[in-house]
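Asks: First the structure, then my questions, so here it is.
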Amino acid sequence: MPSRSLAQNLPDHTLIVGGGAIGLACAWALADSGGRVTVLDAAETGQGAVWASGGMLAAGFEACFELEPDHPLAEPYAAFLRSAQRLWREWAPKVQALSAQALGYDQQGSLTPAFRSGETERLDQAEALAKRFGVLTERVSAQALSRMEPNLTPAQGALVFPNDGQIDNRALGAVLKDAIRSRGGEVIEQARAVSLLREGGRVCGVRLQGGDEYKADCVVLATGAEPFDGVPEFARMIPVKGQMVRFDWPRAAAPQRVVRALSIYLAAKSGGRLIAGASSEPGETSLETDAQTIARLVEAAQAALPGLAGVAAVEQWAGLRPQSRDSMPIVGASEPGLYLALGAYRNGVLAAPGMALLLLESLGATPRTATTDYFSPDRLALRS
Ligand SMILES: Cc1cc2nc3c(=O)[nH]c(=O)nc-3n(C[C@H](O)[C@H](O)[C@H](O)COP(=O)(O)OP(=O)(O)OC[C@H]3O[C@@H](n4cnc5c(N)ncnc54)[C@H](O)[C@@H]3O)c2cc1C
């Protein structure tokens with residue numbers, strides 16, 4: 001049996017494979033709880049999907065517009081996203097205090113305008129779902145919207161999610177790396193794990209490309225959308241490619257809140273960066289962008305923000321969202337010594353603190369809640 005930290009009933013040493021939003025969040029939660037943790041990343045931490053993302057903490061929008069209302073886990077997932085959003089309020093200042101890099105945590109809310117006919121009905125439906133899922137919303141008129149966001153194209157009104165927000169996702173990796181190291185955690189980059197090591201019927205470490213071995217009491221796989229030989233078949237990820245663009249655009253001329261329009265989203269980041277996204281291309285693994293998709297994003301951004309007319313995008317990129325078979329996160333033990341922290345799909349930046357807490361529960365460090373069972377690798381939906 002692995003030895004345990006006396007203080008928290010944590011494994012003495014946890015090895016986390018993958019330093020993305022989820023792996024780093026798990027490592028931070030463990031290190032902050034007094035556990036010994038080592039993160040291995042194939043490249044540089046924080047440069048995978050988290051870097052490519054929109055960095056939005058949009059529990060409200062996602063529950064009301066993106067979540068399939070008939071999904072068997074719709075209610076628990078909406079509640080999980082809301083609790084992750086609340087956790088961000090504690091996490092952001094805490095990790096920020098341990099890093100010189102600005103996390104850009106912003107709680108100004110998000111809004112969904114109804115630009116076209118037919119979209120008002122979508123807002124009505126979303127408002128009904130908000131009641132069902134316990135999401136705080138505010139419906140605003142066309143006039144109120146123009147006062148709130150004068151730079152936007154006039155719309156027939158909007159649904160506001162006051163609790164939504166965003167961070168600077170490109171800073172998240174560096175901030176969490178600093179926070180983990182400040183608690184004595186180890187982060188090792190350019191270290192690609194290629195296989196699991198087993199001893200006495202349990203996973204006890206990994207072998208790296210090049211042959212080095214790392215051993216620990218348990219291993220957490222947080223490899224995002226990338227395939228890994230040690231991932232059981234039921235937990236193989238479907239990569240869902242997303243392309244995005246950036247404009248250089250002054251903050252004062254950008255929307256002040258995150259705009260989650262039905263055809264495009266716009267999020268103003270620090271340094272005059274305005275990002276717009278995103279495509280959704282299941283099964284695509286290439287990180288190349290294509291001219292047609294980029295042109296569509298630019299056109300939709302310009303339609304939502306008239307000041308952008310004629311302004312060219314200065315950067316374009318793509319990332320891969322890790323989607324599980326039932327589109328829900330997978331956190332927990334899959335065999336002795338092996339834990340999964342996968343499937344954050346569209347919401348890994350938002351969900352990161354929540355998934356880290358589920359990992360602590362699965363490890364036995366904190367009392368197990370029903371949420372851990374909903375998102376456990378043991379759920380039937382993954383096996384069927
Ligand atoms: C275009 C786009 C927009 C998005 N917008 C948002 C948003 O606004 N809000 C939100 O919450 N989410 C958003 N997401 C989703 C979010 O980015 C992902 O859910 C999240 O980044 C997943 O985190 P992860 O740690 O599982 O994967 P990643 O962030 O991709 O990290 C995986 C890490 O594992 C490493 N790795 C992989 N294999 C190995 C190996 N064998 N050995 C060692 N290391 C390995 C990789 O190098 C990488 O660093 C978006 C995603 C995309 C693509």
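Chain labels follow the order of the structure tokens: the first chain is A, the next B, and so on; residue numbering restarts at 1 in every chain, and ligands are counted from 1 in their shown order.
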Return as a PDB file with C-alpha atoms, in the first residue's frame the full set of residues in region 36-225 of chain A whose backbone-based DSSP assignment is alpha helix (DSSP H).
Replies:
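What ended up in states.pdb:
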ATOM      1  CA  ALA A  49      -6.001  23.879 -25.067  1.00  0.00           C
ATOM      2  CA  VAL A  50      -5.894  26.264 -22.119  1.00  0.00           C
ATOM      3  CA  TRP A  51      -3.629  28.622 -24.067  1.00  0.00           C
ATOM      4  CA  ALA A  52      -5.844  28.383 -27.159  1.00  0.00           C
ATOM      5  CA  ALA A  59     -21.148  28.856 -16.082  1.00  0.00           C
ATOM      6  CA  GLY A  60     -24.362  30.769 -16.773  1.00  0.00           C
ATOM      7  CA  PHE A  61     -24.121  30.957 -20.547  1.00  0.00           C
ATOM      8  CA  ALA A  74     -27.551  18.162 -17.064  1.00  0.00           C
ATOM      9  CA  GLU A  75     -28.524  19.202 -13.524  1.00  0.00           C
ATOM     10  CA  PRO A  76     -25.371  17.985 -11.767  1.00  0.00           C
ATOM     11  CA  TYR A  77     -23.198  19.482 -14.484  1.00  0.00           C
ATOM     12  CA  ALA A  78     -24.874  22.891 -14.334  1.00  0.00           C
ATOM     13  CA  ALA A  79     -24.462  22.826 -10.530  1.00  0.00           C
ATOM     14  CA  PHE A  80     -20.834  21.718 -10.902  1.00  0.00           C
ATOM     15  CA  LEU A  81     -20.073  24.631 -13.250  1.00  0.00           C
ATOM     16  CA  ARG A  82     -21.677  27.086 -10.840  1.00  0.00           C
ATOM     17  CA  SER A  83     -19.668  25.727  -7.950  1.00  0.00           C
ATOM     18  CA  ALA A  84     -16.472  25.957 -10.055  1.00  0.00           C
ATOM     19  CA  GLN A  85     -17.310  29.590 -10.756  1.00  0.00           C
ATOM     20  CA  ARG A  86     -17.652  30.238  -7.015  1.00  0.00           C
ATOM     21  CA  LEU A  87     -14.338  28.458  -6.393  1.00  0.00           C
ATOM     22  CA  TRP A  88     -12.639  30.826  -8.819  1.00  0.00           C
ATOM     23  CA  ARG A  89     -13.490  33.699  -6.453  1.00  0.00           C
ATOM     24  CA  GLU A  90     -11.270  32.078  -3.798  1.00  0.00           C
ATOM     25  CA  TRP A  91      -8.683  30.645  -6.158  1.00  0.00           C
ATOM     26  CA  ALA A  92      -7.960  33.718  -8.239  1.00  0.00           C
ATOM     27  CA  PRO A  93      -6.693  35.986  -5.434  1.00  0.00           C
ATOM     28  CA  LYS A  94      -4.911  33.104  -3.734  1.00  0.00           C
ATOM     29  CA  VAL A  95      -2.877  31.966  -6.739  1.00  0.00           C
ATOM     30  CA  GLN A  96      -2.452  35.544  -7.951  1.00  0.00           C
ATOM     31  CA  GLU A 119     -32.815  34.980 -31.381  1.00  0.00           C
ATOM     32  CA  THR A 120     -35.252  36.530 -28.914  1.00  0.00           C
ATOM     33  CA  GLU A 121     -36.966  33.123 -28.667  1.00  0.00           C
ATOM     34  CA  ARG A 122     -33.594  31.546 -27.937  1.00  0.00           C
ATOM     35  CA  LEU A 123     -33.178  34.006 -25.060  1.00  0.00           C
ATOM     36  CA  ASP A 124     -36.669  33.066 -23.782  1.00  0.00           C
ATOM     37  CA  GLN A 125     -35.726  29.389 -23.795  1.00  0.00           C
ATOM     38  CA  ALA A 126     -32.415  30.148 -22.084  1.00  0.00           C
ATOM     39  CA  GLU A 127     -34.189  32.160 -19.412  1.00  0.00           C
ATOM     40  CA  ALA A 128     -36.468  29.201 -18.683  1.00  0.00           C
ATOM     41  CA  LEU A 129     -33.429  26.922 -18.426  1.00  0.00           C
ATOM     42  CA  ALA A 130     -31.757  29.421 -16.115  1.00  0.00           C
ATOM     43  CA  LYS A 131     -34.673  29.023 -13.697  1.00  0.00           C
ATOM     44  CA  ARG A 132     -34.405  25.253 -13.912  1.00  0.00           C
ATOM     45  CA  PHE A 133     -30.632  25.266 -13.303  1.00  0.00           C
ATOM     46  CA  ALA A 142     -32.524  47.151 -26.409  1.00  0.00           C
ATOM     47  CA  GLN A 143     -32.080  50.584 -24.811  1.00  0.00           C
ATOM     48  CA  ALA A 144     -30.518  49.215 -21.631  1.00  0.00           C
ATOM     49  CA  LEU A 145     -28.133  47.095 -23.710  1.00  0.00           C
ATOM     50  CA  SER A 146     -26.995  50.149 -25.726  1.00  0.00           C
ATOM     51  CA  ARG A 147     -26.257  51.956 -22.468  1.00  0.00           C
ATOM     52  CA  MET A 148     -24.358  48.973 -21.057  1.00  0.00           C
ATOM     53  CA  ASN A 169      -6.007  32.046 -20.048  1.00  0.00           C
ATOM     54  CA  ARG A 170      -2.548  32.582 -21.558  1.00  0.00           C
ATOM     55  CA  ALA A 171      -1.304  33.581 -18.116  1.00  0.00           C
ATOM     56  CA  LEU A 172      -2.959  30.713 -16.244  1.00  0.00           C
ATOM     57  CA  GLY A 173      -0.179  28.171 -16.843  1.00  0.00           C
ATOM     58  CA  ALA A 174       2.545  30.519 -15.567  1.00  0.00           C
ATOM     59  CA  VAL A 175       0.485  31.632 -12.563  1.00  0.00           C
ATOM     60  CA  LEU A 176      -0.338  28.085 -11.468  1.00  0.00           C
ATOM     61  CA  LYS A 177       3.238  26.949 -12.067  1.00  0.00           C
ATOM     62  CA  ASP A 178       4.484  29.707  -9.743  1.00  0.00           C
ATOM     63  CA  ALA A 179       1.809  28.850  -7.165  1.00  0.00           C
ATOM     64  CA  ILE A 180       2.626  25.127  -7.244  1.00  0.00           C
ATOM     65  CA  ARG A 181       6.370  25.747  -6.923  1.00  0.00           C
ATOM     66  CA  SER A 182       5.812  28.170  -4.066  1.00  0.00           C
TER      67      SER A 182
END
Asks: Residues within 6 Å of ligand 1, counting only C-alpha atoms and all ligand atoms: report them as a PyMOL selection string.
Replies: chain A and resi 17-23+40-43+45-50+52-57+191-194+222-224+226+228+241-244+278+318-321+342+344-350
Asks: Work out how far CA of Glu281 (chain A) is from CA of Pro239 (chain A), in Å to one decimal.
Replies: 8.3 Å
Asks: Could you check which of A:Pro250, A:Pro322, A:Pro306, A:Gly332 is closest to Leu360 (chain A), using only C-alpha atoms?
Replies: A:Gly332
Asks: Neighbouring residues of Leu274 (chain A) were defined as those with any atom within 6 Å, considering only C-alpha atoms; residues of the same chain fewer than 6 positions away were excluded. Please report them as a ChimeraX atom specification.
Replies: /A:246-247,249,267-268
Asks: Please produce a file of the residues just selected, as a CSV table (one decimal), in the first residue's frame, where the atoms kept are N, CA and C atoms.
Replies:
chain,number,residue,atom,x,y,z
A,246,ARG,N,-7.6,37.0,-33.1
A,246,ARG,CA,-7.4,38.2,-32.2
A,246,ARG,C,-7.3,39.4,-33.0
A,247,PHE,N,-7.9,40.5,-32.5
A,247,PHE,CA,-7.7,41.8,-33.1
A,247,PHE,C,-6.9,42.6,-32.0
A,249,TRP,N,-7.2,45.9,-30.4
A,249,TRP,CA,-8.4,46.8,-30.3
A,249,TRP,C,-8.4,47.5,-28.9
A,267,ALA,N,-14.2,38.6,-26.3
A,267,ALA,CA,-13.7,38.8,-25.0
A,267,ALA,C,-12.5,39.7,-25.0
A,268,ALA,N,-12.5,40.8,-24.4
A,268,ALA,CA,-11.4,41.8,-24.3
A,268,ALA,C,-10.5,41.4,-23.2
Asks: If you run DSSP on the backbone, which residues of region 36-221 of chain A are strand (DSSP E), as a PyMOL selection string?
Replies: chain A and resi 36-40+56-57+110-113+138-140+158-161+165-166+186-188+193-199+202-208+213-215+218-221
